[in-house]
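Colleague: Following this message is one structure expressed as structure tokens.
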There are 4 protein chains.
Amino acid sequence: MDSEKRPATRESILRSADAHRAFVTKFRRDLHKHAEVAWTEFRTGSLVARDLLSLGGWDVKYGPQLYEKSLMMGMPSTQALRRHSERAIAQGGDKQIIDAMRGGYTGVVATLKTGDGNGPTVAFRVDIDANDLQEAFDSKHRPFREGFASVNDNADHACGHDCHTAIGLTAAHVLYENRDLLPSGTIKIIFQTGEEGGRGGQPMAAAGVADDADYFMAIHMALGDVGMGAISCSVSKQSNSIKSDVTFKGVPAHAGSRPDAGKNALLAAANTAINLYAITRHSGGNTRVNVGVLEAGVGRNVIPPNAFMKIEVRGETRELMNFMQERAEHIVEGAATMYNVEYSITKAGETVSAPMDPEMVDLVAETAGQIPEVKTVIRQRQGTGGGEDCTFFMLRVQERGGKATIANIGTVGPAVGHNSYYDVNEDSLVTGVKLISLVALNALSRGRVR
Amino acid sequence: MDSEKRPATRESILRSADAHRAFVTKFRRDLHKHAEVAWTEFRTGSLVARDLLSLGGWDVKYGPQLYEKSLMMGMPSTQALRRHSERAIAQGGDKQIIDAMRGGYTGVVATLKTGDGNGPTVAFRVDIDANDLQEAFDSKHRPFREGFASVNDNADHACGHDCHTAIGLTAAHVLYENRDLLPSGTIKIIFQTGEEGGRGGQPMAAAGVADDADYFMAIHMALGDVGMGAISCSVSKQSNSIKSDVTFKGVPAHAGSRPDAGKNALLAAANTAINLYAITRHSGGNTRVNVGVLEAGVGRNVIPPNAFMKIEVRGETRELMNFMQERAEHIVEGAATMYNVEYSITKAGETVSAPMDPEMVDLVAETAGQIPEVKTVIRQRQGTGGGEDCTFFMLRVQERGGKATIANIGTVGPAVGHNSYYDVNEDSLVTGVKLISLVALNALSRGRVR
Amino acid sequence: MDSEKRPATRESILRSADAHRAFVTKFRRDLHKHAEVAWTEFRTGSLVARDLLSLGGWDVKYGPQLYEKSLMMGMPSTQALRRHSERAIAQGGDKQIIDAMRGGYTGVVATLKTGDGNGPTVAFRVDIDANDLQEAFDSKHRPFREGFASVNDNADHACGHDCHTAIGLTAAHVLYENRDLLPSGTIKIIFQTGEEGGRGGQPMAAAGVADDADYFMAIHMALGDVGMGAISCSVSKQSNSIKSDVTFKGVPAHAGSRPDAGKNALLAAANTAINLYAITRHSGGNTRVNVGVLEAGVGRNVIPPNAFMKIEVRGETRELMNFMQERAEHIVEGAATMYNVEYSITKAGETVSAPMDPEMVDLVAETAGQIPEVKTVIRQRQGTGGGEDCTFFMLRVQERGGKATIANIGTVGPAVGHNSYYDVNEDSLVTGVKLISLVALNALSRGRVR
Amino acid sequence: MDSEKRPATRESILRSADAHRAFVTKFRRDLHKHAEVAWTEFRTGSLVARDLLSLGGWDVKYGPQLYEKSLMMGMPSTQALRRHSERAIAQGGDKQIIDAMRGGYTGVVATLKTGDGNGPTVAFRVDIDANDLQEAFDSKHRPFREGFASVNDNADHACGHDCHTAIGLTAAHVLYENRDLLPSGTIKIIFQTGEEGGRGGQPMAAAGVADDADYFMAIHMALGDVGMGAISCSVSKQSNSIKSDVTFKGVPAHAGSRPDAGKNALLAAANTAINLYAITRHSGGNTRVNVGVLEAGVGRNVIPPNAFMKIEVRGETRELMNFMQERAEHIVEGAATMYNVEYSITKAGETVSAPMDPEMVDLVAETAGQIPEVKTVIRQRQGTGGGEDCTFFMLRVQERGGKATIANIGTVGPAVGHNSYYDVNEDSLVTGVKLISLVALNALSRGRVR
């Protein structure tokens, strides 16, 4: 692109974005009200796809082609999927598109060719799923007060993915409106399912949807340390984690009259729990382990024939994570042997860490400086040990020579992520729209890197 | 009573009982279809009371006066009680009587004076609650096939209390019809709530409802070792048990970023579980301990702030039971100290053992021999370690000089008690009616024992 | 035997026994002072054998021929055996006999033929080993005060086997002196090694040393419930037990700098310990489990690479004992799997229960009544759950048609068995001599039973 | 000091040091052969004091005045101290000095005033105790082959403290010989007891023996990463650790006949062990925990009445160490409550981390460069997570404005520290003597810093 034209294009994009302030807010609130958890984002995905299709210029893909099926973990039962898709239709989802998403294929990938289409590819990832959480029904909570608290039980956008989705969709509008001003190349927006629990990123990345990216940026709203009017251009210390469901299966028996006829699954689980936390610290770096949920037994006077546990292990590196998982598997097997019960370990999710590319961090930092309301540009935010699965895309992009990072859009709110009182300052939505749109402009201007 | 008149009276009673065959069966099936668990037997209790009131001769008592309130354990929440009483009314319960039973006072005590009322008192106990169990909806299961499987979720008469209630009520009819033939005295039928979990017997006994009994008999249907056409006149080895609910309360924290900020209630529970089973065997006799249910945690990546356990201890004697409970309490306290979490131990039920009085066993044995279809009379059935709380009545009666036992009415069925396929041969219902009615006759004939 | 001669023979035997009062006491004290634990009774065994040989009439056997080698459990190391045999020689043991006992074959079997040798065989078992215990060096303790406390470290006759040995040897003198008065037959006295820990009985029984017995009696001193001047003719409820040594072998590592390089054997042992006690109670009867000793680790800052445990399981029946052992083995294996360490389980001893034959109980009861100082004859003593391994002989005898029992000789003392202050009233020694000698007379008089 | 004279002084010192090569080697070997563990260094301390006193110029202090008594942890029993002091005398220790060291006060502090005594104070710390370890008696092991392996059981200089002591004493000779060439000031050499287990540094530091130091240097031999001919001028990441001895006291009982009469200390210990390792990881940094030794029980068939554990916790910071210790104490208390046993937690040692002052690192680096045989100067060695208690002196010095560091003297040997085959290349001893002597020269030349 003729670099002289760039300031004008930038101005045009910023104006477009400002003009969509009402749109992005309204769409975000609509998603918030109809929150959908991992693999069940039928309404969300179908509305995103329908809106993009209605624009005309974007190529819109959804359905099984976007997923490597063998890596889709933690999928609800067929009945549960059906119930959720029916609810989605009842709540205004697009029936035809939802039919194509059957089986939990609720993600969307939108692609826009600009100029002659030759040039670099810049890809963005926004995640669309809600948390397994009951939102606060409390007049102190703005979403409740203003009527957009989630009407769906145990589904609450308490991690800002409603914002991400709305930002991504709105940026698609802005870029479409400015398509003739942009340098040649390809812009891609990935609406990813199931980030919570680390479930959607891996199968979509493995299907290759971001493989052609020269530039890749994932976005996330940030409370607390980043702050309103600030953008962080990378995050340190993403966590590597494996999430597993563990079951033990024993034999029930009357605890008074025939306890010896039972095989006690609860005791296998209890021993597993304690010994998991007792896995040795590692000289190679930080590790974590948690048994988040344990449920066992059927009745007070029955030797418990069943136990179920949700566990996770983390490591500062993938090696440490694997060390923890291997030890965990020994413990589960040993506890089952102790009580002569059967066991299973099913992977329910995974997150990995990925490096942040300095070139991409530079590009985001430069872009952030071009957004009028952004007062602070942070090159690197200190991570808090949480996991992200956009890293699966990043690693694929980086293996192929592309450059990737995660940007955080500062905002403020009354409660931390994954809390039922989570909310954001919606002024930051437009900032997010500008960030994606201008990064697209600047990336296409830089040319291919591979 | 003139002993010459007794054979004629006996014949009259037997005829009356046979005439109520359809009644007892129909009432049992109605109760089976509308099974109600401990403390929520609003429909059951109110229909029993209404029917007895309609007869005219029986004095009918219900409501708080029948209970020592401080001993009512394992009571559902006020909301749950309200929901159940509304359901009871919707299913045909008597609204006015149910209003008087509010708070879970669902038992009924009926008293009939015969002759001049001078003479001994004979009391019977039948229990009226169902199990916390989902009945089998399976065409192999007769109650389902014939349309009287329980329509209430997680409430299933899988221990025969529907039979006991129907037998008790029908015996009231039979005795009423023959009231003028009976010797002078008092007949009492106690319709007891909440036998499951050992909850209703203790507070009703403590309120004194059986204190005036010279003779006391509880009945129970018996599958398996007793057999159709047999009656057992006593049961050995009733279990002494204490049932408790244990909770631990900690502090949640993100398991990746701030695990040290949490206080782990799950680990307190897991340590409790293992160490409860590890309580030492006792040289004084058999003991038991069980953790029937353990539920802990809120999410995979959250340090678990909560845990709940249903436990029970048993002992061959009350001393052994108390030894187990005392050790259990140490373990719960110690585990809470280990993880710096709060704890509570709430008694949810209790059963005790009571001796069977030979005089009462003789009386039942003699009576059983007078029932034409009874081919076998067993003086003492070997108990299976299960608990009963009619023993609370028995101990009160015995302390005051009365004589008590538990009679088992043999029947056959496809599955053991507390199984979702439990059923009985309904021919045994009339046998039960005869047993109660004739024991009343024979007891009144014997005169006072105290 | 001519039954007329029997009273005279009895009188002669009683006189002989009384004449050995000083001998039995002195020999008991000599053994007490030089206590030797299981498999190391070199001095004890060799002095018994030498004395018997010196009498001339007894056939005396010792050495490997008396043992089924594959069943000799819990044997000390070769070095330890050598050290003990050298100490035995230094303390006055017979070097030549000790040489033949090398390898721990320290038992002795003495046989006396009477008359023409045709007739029944009556066998007696006395055990000769001491406890692994440090005797009290305290002037309150008579053996210390009177100079016969054990001079051998961690070896203390605190279970009366010094008495049993002395009684057995003295009875051999008495019987030898009266050999011409006795009916025809065979008298056998088995001086058994290693009763403590259940080690010597099984291999000696399996070698067939008691197989020809028509009558078999083991003796034991009894404190407490039996009492001075009383003899009990049988014991109920012998325990069935398996004793095992468990080891775990891991990998050491510096606990500060490389904890992850270690494999923690201590944690495998700790998990084993808790879960062993948590093995379910059994509806079939009493069981026991104990971890008597646990030793693990090498230094405070080293991940523990080693652990050693002494465990035992017991059952009211052999089936229950085997149930416990099978569960215990699962737990050890599971704990090793948990911590990825190696393990071994080595049987260190076993005791079994055996029935008491009424015919033999009768014979002992009759005999006890013939001893002037015996004022009380108890047919059956209530056992205390302790184990005995004379039962291995009893079961062999009974399988072949012989009759067997255990007799207890009442005495009094200041402390219970296995206590470092254990002592007896030595007047009961002569009573024991009389019991064996007269049972021999009466058994030979009765004739063969098989 | 006139800086022109310094090179000449340096040369003189280097010559003196080289002249003491045989002395330092011989003294090191003598100490190695008579190794003494913490608080029992009677021979070592008395020979150091006697030799220093014989020089004349050094002020020599020993005995209780050097210790804050309340902080002397892990002290052997009075009997053990007596036995060790008698052995020390028998092995050539100075009886009179040893008498003054009675009670374990075995350290020595030597002070030399130079010039007019005005000027800075430079202090050195050498530690004098051996490891609780049996030295290898193996001809592969040079100390054994050459006749200077430790003759004292379970006492082995496997951490080089024999070298440190010999270097310190030899440097005292060298400095004394050159006293007239040195600038005015004070030189202090602290011969510290009980570094192993973190026991001697804290009470000597608290007694103020290093409080007046402007400059402070501790020395340690270094194998492995440092290398022969190299000196490291500081060490990163010293560990903060608390070492504790934990005991549980229960009640014994026969495990077969009266298990319920016992209180099981072994189970309290086993629960403690597992749950100590299960203390949560901390978001604030690295932590460690270890149960290095667990010993419990008295006999296979006795409910274990006793348990003993050696534990330690570590933290990257003192806050983390205290977090671990506080949690550990909760666990011990909770486990004792569980089994109704008594417990005690006794602090057995402590190490802390201290910063390395850049000024002192510079001084050591400059000095190291002046030693001809030193080819490599390392500013900072990566620590391995081990602990040191010279840091207690460092923190006192730093609080008062002084500058402190730890220097490592590279050497080579066949085995790592705390291994029974540990040995050093004795050429490095003279290098150590030069380092101390020249650091003294250079420090005095720099003048006071506070």
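Going through the structure tokens in order, the chains are called A, B, and so on, while each chain numbers its residues from 1 and the ligands are numbered from 1 in the order shown.
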With 9 Å as the limit and counting only C-alpha atoms, what residues in chain C lie close to chain D? Please list them as a tab-separated table (two decimals) with N, CA, C and O atoms, in the first residue's frame.

Modeller:
chain	number	residue	atom	x	y	z
C	132	ASP	N	10.96	-60.89	71.87
C	132	ASP	CA	11.82	-59.77	71.45
C	132	ASP	C	11.54	-58.59	72.36
C	132	ASP	O	10.81	-57.66	71.98
C	197	GLY	N	5.46	-65.09	66.95
C	197	GLY	CA	5.45	-64.77	65.52
C	197	GLY	C	4.94	-65.92	64.68
C	197	GLY	O	4.91	-65.84	63.45
C	239	SER	N	-6.78	-67.51	67.28
C	239	SER	CA	-6.81	-66.61	66.14
C	239	SER	C	-6.10	-67.21	64.94
C	239	SER	O	-5.12	-67.94	65.06
C	243	LYS	N	1.38	-63.02	59.33
C	243	LYS	CA	2.30	-61.92	59.60
C	243	LYS	C	3.15	-61.72	58.36
C	243	LYS	O	3.66	-62.69	57.80
C	254	HIS	N	17.84	-35.26	46.54
C	254	HIS	CA	17.90	-34.14	47.48
C	254	HIS	C	16.53	-33.45	47.49
C	254	HIS	O	16.00	-33.06	46.45
C	255	ALA	N	15.95	-33.32	48.67
C	255	ALA	CA	14.57	-32.84	48.78
C	255	ALA	C	14.46	-31.36	48.45
C	255	ALA	O	13.37	-30.86	48.18
C	256	GLY	N	15.58	-30.64	48.49
C	256	GLY	CA	15.52	-29.22	48.15
C	256	GLY	C	15.79	-28.98	46.68
C	256	GLY	O	15.04	-28.29	46.01
C	257	SER	N	16.84	-29.62	46.17
C	257	SER	CA	17.28	-29.25	44.82
C	257	SER	C	16.71	-30.13	43.72
C	257	SER	O	16.58	-29.69	42.59
C	258	ARG	N	16.38	-31.38	43.98
C	258	ARG	CA	15.85	-32.24	42.93
C	258	ARG	C	14.76	-33.19	43.42
C	258	ARG	O	14.83	-34.39	43.13
C	259	PRO	N	13.75	-32.70	44.11
C	259	PRO	CA	12.76	-33.64	44.66
C	259	PRO	C	12.11	-34.50	43.59
C	259	PRO	O	11.73	-35.64	43.84
C	266	LEU	N	8.48	-43.75	51.40
C	266	LEU	CA	7.77	-43.44	52.65
C	266	LEU	C	6.30	-43.17	52.37
C	266	LEU	O	5.42	-43.61	53.12
C	267	LEU	N	6.02	-42.46	51.29
C	267	LEU	CA	4.62	-42.16	50.99
C	267	LEU	C	3.85	-43.42	50.58
C	267	LEU	O	2.66	-43.55	50.89
C	269	ALA	N	4.43	-46.30	51.84
C	269	ALA	CA	4.19	-46.98	53.12
C	269	ALA	C	3.09	-46.29	53.93
C	269	ALA	O	2.25	-46.95	54.53
C	270	ALA	N	3.10	-44.96	53.94
C	270	ALA	CA	2.09	-44.24	54.72
C	270	ALA	C	0.70	-44.51	54.15
C	270	ALA	O	-0.26	-44.74	54.89
C	271	ASN	N	0.56	-44.49	52.83
C	271	ASN	CA	-0.73	-44.81	52.22
C	271	ASN	C	-1.13	-46.25	52.53
C	271	ASN	O	-2.31	-46.53	52.78
C	272	THR	N	-0.18	-47.14	52.48
C	272	THR	CA	-0.48	-48.54	52.82
C	272	THR	C	-1.02	-48.65	54.23
C	272	THR	O	-2.04	-49.30	54.48
C	273	ALA	N	-0.33	-48.00	55.16
C	273	ALA	CA	-0.72	-48.11	56.56
C	273	ALA	C	-2.17	-47.70	56.76
C	273	ALA	O	-2.99	-48.44	57.33
C	274	ILE	N	-2.51	-46.51	56.29
C	274	ILE	CA	-3.87	-46.01	56.54
C	274	ILE	C	-4.91	-46.90	55.87
C	274	ILE	O	-5.92	-47.27	56.47
C	287	THR	N	-12.39	-59.63	62.26
C	287	THR	CA	-11.10	-59.55	61.59
C	287	THR	C	-10.26	-58.51	62.33
C	287	THR	O	-10.77	-57.71	63.11
C	288	ARG	N	-8.96	-58.55	62.07
C	288	ARG	CA	-8.04	-57.58	62.65
C	288	ARG	C	-6.98	-57.27	61.61
C	288	ARG	O	-6.67	-58.12	60.75
C	289	VAL	N	-6.38	-56.09	61.75
C	289	VAL	CA	-5.21	-55.76	60.94
C	289	VAL	C	-4.37	-54.82	61.77
C	289	VAL	O	-4.88	-54.03	62.55
C	290	ASN	N	-3.06	-54.95	61.66
C	290	ASN	CA	-2.18	-54.02	62.36
C	290	ASN	C	-0.90	-53.78	61.56
C	290	ASN	O	-0.40	-54.68	60.90
C	291	VAL	N	-0.47	-52.53	61.63
C	291	VAL	CA	0.86	-52.18	61.15
C	291	VAL	C	1.64	-51.90	62.42
C	291	VAL	O	1.50	-50.83	63.02
C	292	GLY	N	2.39	-52.87	62.84
C	292	GLY	CA	3.04	-52.75	64.14
C	292	GLY	C	4.27	-51.88	64.11
C	292	GLY	O	4.59	-51.20	65.08
C	293	VAL	N	4.96	-51.90	62.99
C	293	VAL	CA	6.21	-51.14	62.85
C	293	VAL	C	6.29	-50.54	61.46
C	293	VAL	O	5.92	-51.20	60.48
C	294	LEU	N	6.71	-49.29	61.39
C	294	LEU	CA	6.98	-48.64	60.10
C	294	LEU	C	8.29	-47.87	60.25
C	294	LEU	O	8.41	-47.04	61.15
C	295	GLU	N	9.23	-48.14	59.38
C	295	GLU	CA	10.49	-47.41	59.39
C	295	GLU	C	10.82	-47.00	57.97
C	295	GLU	O	10.85	-47.84	57.07
C	296	ALA	N	11.07	-45.71	57.79
C	296	ALA	CA	11.33	-45.25	56.43
C	296	ALA	C	12.27	-44.06	56.45
C	296	ALA	O	12.27	-43.27	57.39
C	297	GLY	N	13.07	-43.95	55.39
C	297	GLY	CA	13.88	-42.75	55.19
C	297	GLY	C	15.29	-42.87	55.67
C	297	GLY	O	15.63	-43.74	56.48
C	298	VAL	N	16.13	-41.96	55.16
C	298	VAL	CA	17.56	-41.99	55.52
C	298	VAL	C	18.04	-40.66	56.10
C	298	VAL	O	19.01	-40.63	56.85
C	299	GLY	N	17.40	-39.57	55.75
C	299	GLY	CA	17.85	-38.29	56.30
C	299	GLY	C	16.81	-37.24	56.02
C	299	GLY	O	16.02	-37.36	55.08
C	300	ARG	N	16.85	-36.20	56.84
C	300	ARG	CA	15.79	-35.21	56.79
C	300	ARG	C	15.62	-34.59	55.41
C	300	ARG	O	14.50	-34.32	54.98
C	301	ASN	N	16.73	-34.39	54.70
C	301	ASN	CA	16.62	-33.67	53.42
C	301	ASN	C	16.77	-34.59	52.21
C	301	ASN	O	17.18	-34.15	51.15
C	302	VAL	N	16.41	-35.84	52.38
C	302	VAL	CA	16.48	-36.80	51.28
C	302	VAL	C	15.09	-37.38	51.04
C	302	VAL	O	14.44	-37.81	52.00
C	303	ILE	N	14.66	-37.39	49.79
C	303	ILE	CA	13.40	-38.08	49.47
C	303	ILE	C	13.58	-39.55	49.86
C	303	ILE	O	14.53	-40.19	49.42
C	304	PRO	N	12.71	-40.07	50.71
C	304	PRO	CA	12.94	-41.39	51.31
C	304	PRO	C	12.90	-42.51	50.27
C	304	PRO	O	11.87	-42.75	49.64
C	307	ALA	N	11.36	-48.11	52.69
C	307	ALA	CA	10.39	-48.21	53.79
C	307	ALA	C	10.22	-49.68	54.12
C	307	ALA	O	10.30	-50.56	53.25
C	309	MET	N	7.81	-52.31	56.75
C	309	MET	CA	6.65	-52.40	57.64
C	309	MET	C	6.47	-53.83	58.12
C	309	MET	O	6.60	-54.77	57.34
C	310	LYS	N	6.13	-53.97	59.39
C	310	LYS	CA	5.70	-55.26	59.93
C	310	LYS	C	4.18	-55.22	60.09
C	310	LYS	O	3.68	-54.44	60.88
C	311	ILE	N	3.51	-56.06	59.32
C	311	ILE	CA	2.05	-56.05	59.41
C	311	ILE	C	1.53	-57.43	59.79
C	311	ILE	O	2.24	-58.43	59.69
C	312	GLU	N	0.29	-57.46	60.21
C	312	GLU	CA	-0.37	-58.75	60.44
C	312	GLU	C	-1.86	-58.59	60.21
C	312	GLU	O	-2.44	-57.53	60.44
C	313	VAL	N	-2.48	-59.66	59.72
C	313	VAL	CA	-3.94	-59.69	59.59
C	313	VAL	C	-4.43	-60.91	60.36
C	313	VAL	O	-3.72	-61.91	60.50
C	314	ARG	N	-5.63	-60.81	60.88
C	314	ARG	CA	-6.24	-61.90	61.63
C	314	ARG	C	-7.68	-62.10	61.18
C	314	ARG	O	-8.31	-61.17	60.68
C	383	GLY	N	-10.89	-67.63	74.90
C	383	GLY	CA	-9.64	-67.11	74.31
C	383	GLY	C	-9.70	-65.61	74.23
C	383	GLY	O	-10.75	-64.98	74.33
C	384	THR	N	-8.53	-65.01	74.08
C	384	THR	CA	-8.46	-63.55	74.04
C	384	THR	C	-8.05	-63.05	72.67
C	384	THR	O	-7.62	-61.92	72.51
C	385	GLY	N	-8.18	-63.90	71.68
C	385	GLY	CA	-7.85	-63.44	70.33
C	385	GLY	C	-6.38	-63.56	69.98
C	385	GLY	O	-5.97	-63.22	68.89
C	386	GLY	N	-5.59	-64.03	70.92
C	386	GLY	CA	-4.18	-64.25	70.62
C	386	GLY	C	-4.01	-65.48	69.73
C	386	GLY	O	-4.92	-66.31	69.61
C	387	GLY	N	-2.84	-65.61	69.13
C	387	GLY	CA	-2.61	-66.74	68.23
C	387	GLY	C	-1.68	-67.75	68.86
C	387	GLY	O	-0.95	-67.46	69.80

Colleague: Pick out the residues sitting within 8 Å of region 31-41 of chain C, and hand them over as number ranges by chain; count only C-alpha atoms, and ignore anything fewer than 4 positions along from it in its own chain.

Modeller: C: 27, 45, 75-76, 81, 84-85, 91, 104-107, 128-132, 148-152, 155-157, 162, 193-196, 199-200

Colleague: What would the file look like if the residues just selected were written as a compact mmCIF listing (two decimals), in the first residue's frame with C-alpha atoms?

Modeller:
# COMPACT_ATOMS: atom_id res chain seq x y z
CA PHE C 27 16.16 -74.97 85.20
CA GLY C 45 17.74 -76.60 72.73
CA MET C 75 14.63 -66.61 59.83
CA PRO C 76 17.40 -64.23 61.00
CA LEU C 81 22.45 -67.03 63.63
CA HIS C 84 23.65 -66.25 68.57
CA SER C 85 25.15 -69.73 68.39
CA GLN C 91 26.88 -69.16 77.94
CA GLY C 104 18.20 -72.38 63.22
CA TYR C 105 17.13 -76.03 63.68
CA THR C 106 16.94 -75.56 67.43
CA GLY C 107 13.96 -77.77 68.28
CA ILE C 128 11.03 -72.78 74.09
CA ASP C 129 11.58 -69.29 72.61
CA ALA C 130 11.58 -65.93 74.33
CA ASN C 131 10.05 -62.56 73.34
CA ASP C 132 11.82 -59.77 71.45
CA PHE C 148 17.86 -64.31 86.97
CA ALA C 149 16.71 -61.49 84.72
CA SER C 150 17.77 -62.04 81.13
CA VAL C 151 21.35 -61.11 80.39
CA ASN C 152 20.61 -61.16 76.68
CA ALA C 155 15.28 -61.34 74.74
CA ASP C 156 12.93 -61.86 77.66
CA HIS C 157 10.84 -64.89 78.66
CA ASP C 162 10.95 -70.92 80.07
CA THR C 193 11.15 -73.41 68.47
CA GLY C 194 9.74 -70.04 67.49
CA GLU C 195 6.18 -69.95 68.74
CA GLU C 196 6.34 -66.16 68.93
CA ARG C 199 7.10 -69.53 63.05
CA GLY C 200 8.17 -72.88 64.46

Colleague: Please, which residues of region 29-100 of chain C, numbered as in this document, come out strand (DSSP E) from DSSP, as a ChimeraX atom specification?

Modeller: /C:59-62

Colleague: Go ahead and compute the interatomic distance for CA of Met217 (chain D) and CA of Ala19 (chain D), in Å to one decimal.

Modeller: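 Between CA of Met217 (chain D) and CA of Ala19 (chain D) the gap is 23.6 Å.
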
Colleague: Per residue of region 233-305 of chain C within 8 Å of region 373-380 of chain C, which atom pair is closest and at what distance in Å (one decimal), using only C-alpha atoms, listed by chain and increasing number, as CSV?

Modeller:
residue,atom,partner,partner_atom,distance
C:Cys233,CA,C:Arg379,CA,5.0
C:Ser234,CA,C:Gln380,CA,4.7
C:Val235,CA,C:Gln380,CA,5.4
C:Ser236,CA,C:Gln380,CA,6.6

Colleague: Using Å and a single decimal, report how far CA of Val430 (chain A) sits from CA of His141 (chain A).

Modeller: 22.3 Å

Colleague: Suppose you want the space between CA of Gly284 (chain D) and CA of Glu316 (chain D); what is it in Å?

Modeller: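 For CA of Gly284 (chain D) relative to CA of Glu316 (chain D), the distance reads 8.6 Å.
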
Colleague: Within 10 Å of Thr121 (chain B), counting only C-alpha atoms, which residues qualify if same-chain residues fewer than 6 places away don't, as an mmCIF file with C-alpha atoms, in the first residue's frame?

Modeller:
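Written file, out-v8.cif:
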data_model
loop_
_atom_site.group_PDB
_atom_site.id
_atom_site.type_symbol
_atom_site.label_atom_id
_atom_site.label_comp_id
_atom_site.auth_asym_id
_atom_site.auth_seq_id
_atom_site.Cartn_x
_atom_site.Cartn_y
_atom_site.Cartn_z
ATOM 1 C CA THR B 111 -56.936 -45.299 69.722
ATOM 2 C CA LEU B 112 -59.958 -47.516 70.262
ATOM 3 C CA LYS B 113 -61.419 -48.219 73.680
ATOM 4 C CA SER B 184 -62.174 -54.562 77.630
ATOM 5 C CA GLY B 185 -59.063 -52.503 77.030
ATOM 6 C CA THR B 186 -57.333 -50.120 74.684
ATOM 7 C CA ILE B 187 -56.053 -50.720 71.153
ATOM 8 C CA LYS B 188 -53.651 -48.273 69.631
ATOM 9 C CA ALA B 210 -46.705 -45.798 73.322
ATOM 10 C CA ASP B 211 -45.948 -45.340 77.008
ATOM 11 C CA ASP B 212 -49.174 -46.912 78.213
ATOM 12 C CA ALA B 213 -48.753 -50.137 76.225
ATOM 13 C CA ASP B 214 -48.808 -53.452 78.035
ATOM 14 C CA TYR B 215 -48.199 -55.134 74.709
ATOM 15 C CA PHE B 216 -46.403 -53.698 71.704
ATOM 16 C CA GLY B 402 -44.640 -53.682 78.976
ATOM 17 C CA ALA B 440 -55.181 -57.377 69.716
ATOM 18 C CA ALA B 443 -53.509 -59.423 74.203
ATOM 19 C CA LEU B 444 -56.663 -57.925 75.604
ATOM 20 C CA GLY B 447 -54.891 -58.766 80.834
ATOM 21 C CA ARG B 448 -52.503 -56.182 82.141
ATOM 22 C CA VAL B 449 -48.861 -56.981 82.726
#

Colleague: I need the residue nearest Phe392 (chain B) from this list: B:Ile98, B:Ala172, B:Ala368, B:Leu71. Use only C-alpha atoms for the distance.

Modeller: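 Result for the nearest residue to Phe392 (chain B): B:Leu71.
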
Colleague: Counting only C-alpha atoms, what is within 12 Å of Pro7 (chain C), bar same-chain residues fewer than 6 positions away, as a PyMOL selection string?

Modeller: chain C and resi 1+13-14+181-182+367+370+438+441-442+445

Colleague: Taking 5 positions as the minimum chain separation for residues in the same chain, which residues sit within 12 Å of Ile219 (chain C) when counting only C-alpha atoms? Answer as a ChimeraX atom specification.

Modeller: /C:123-128,160-161,163-168,189-192,231-235,364,388-391,404-410,429,431-433,435-436,439
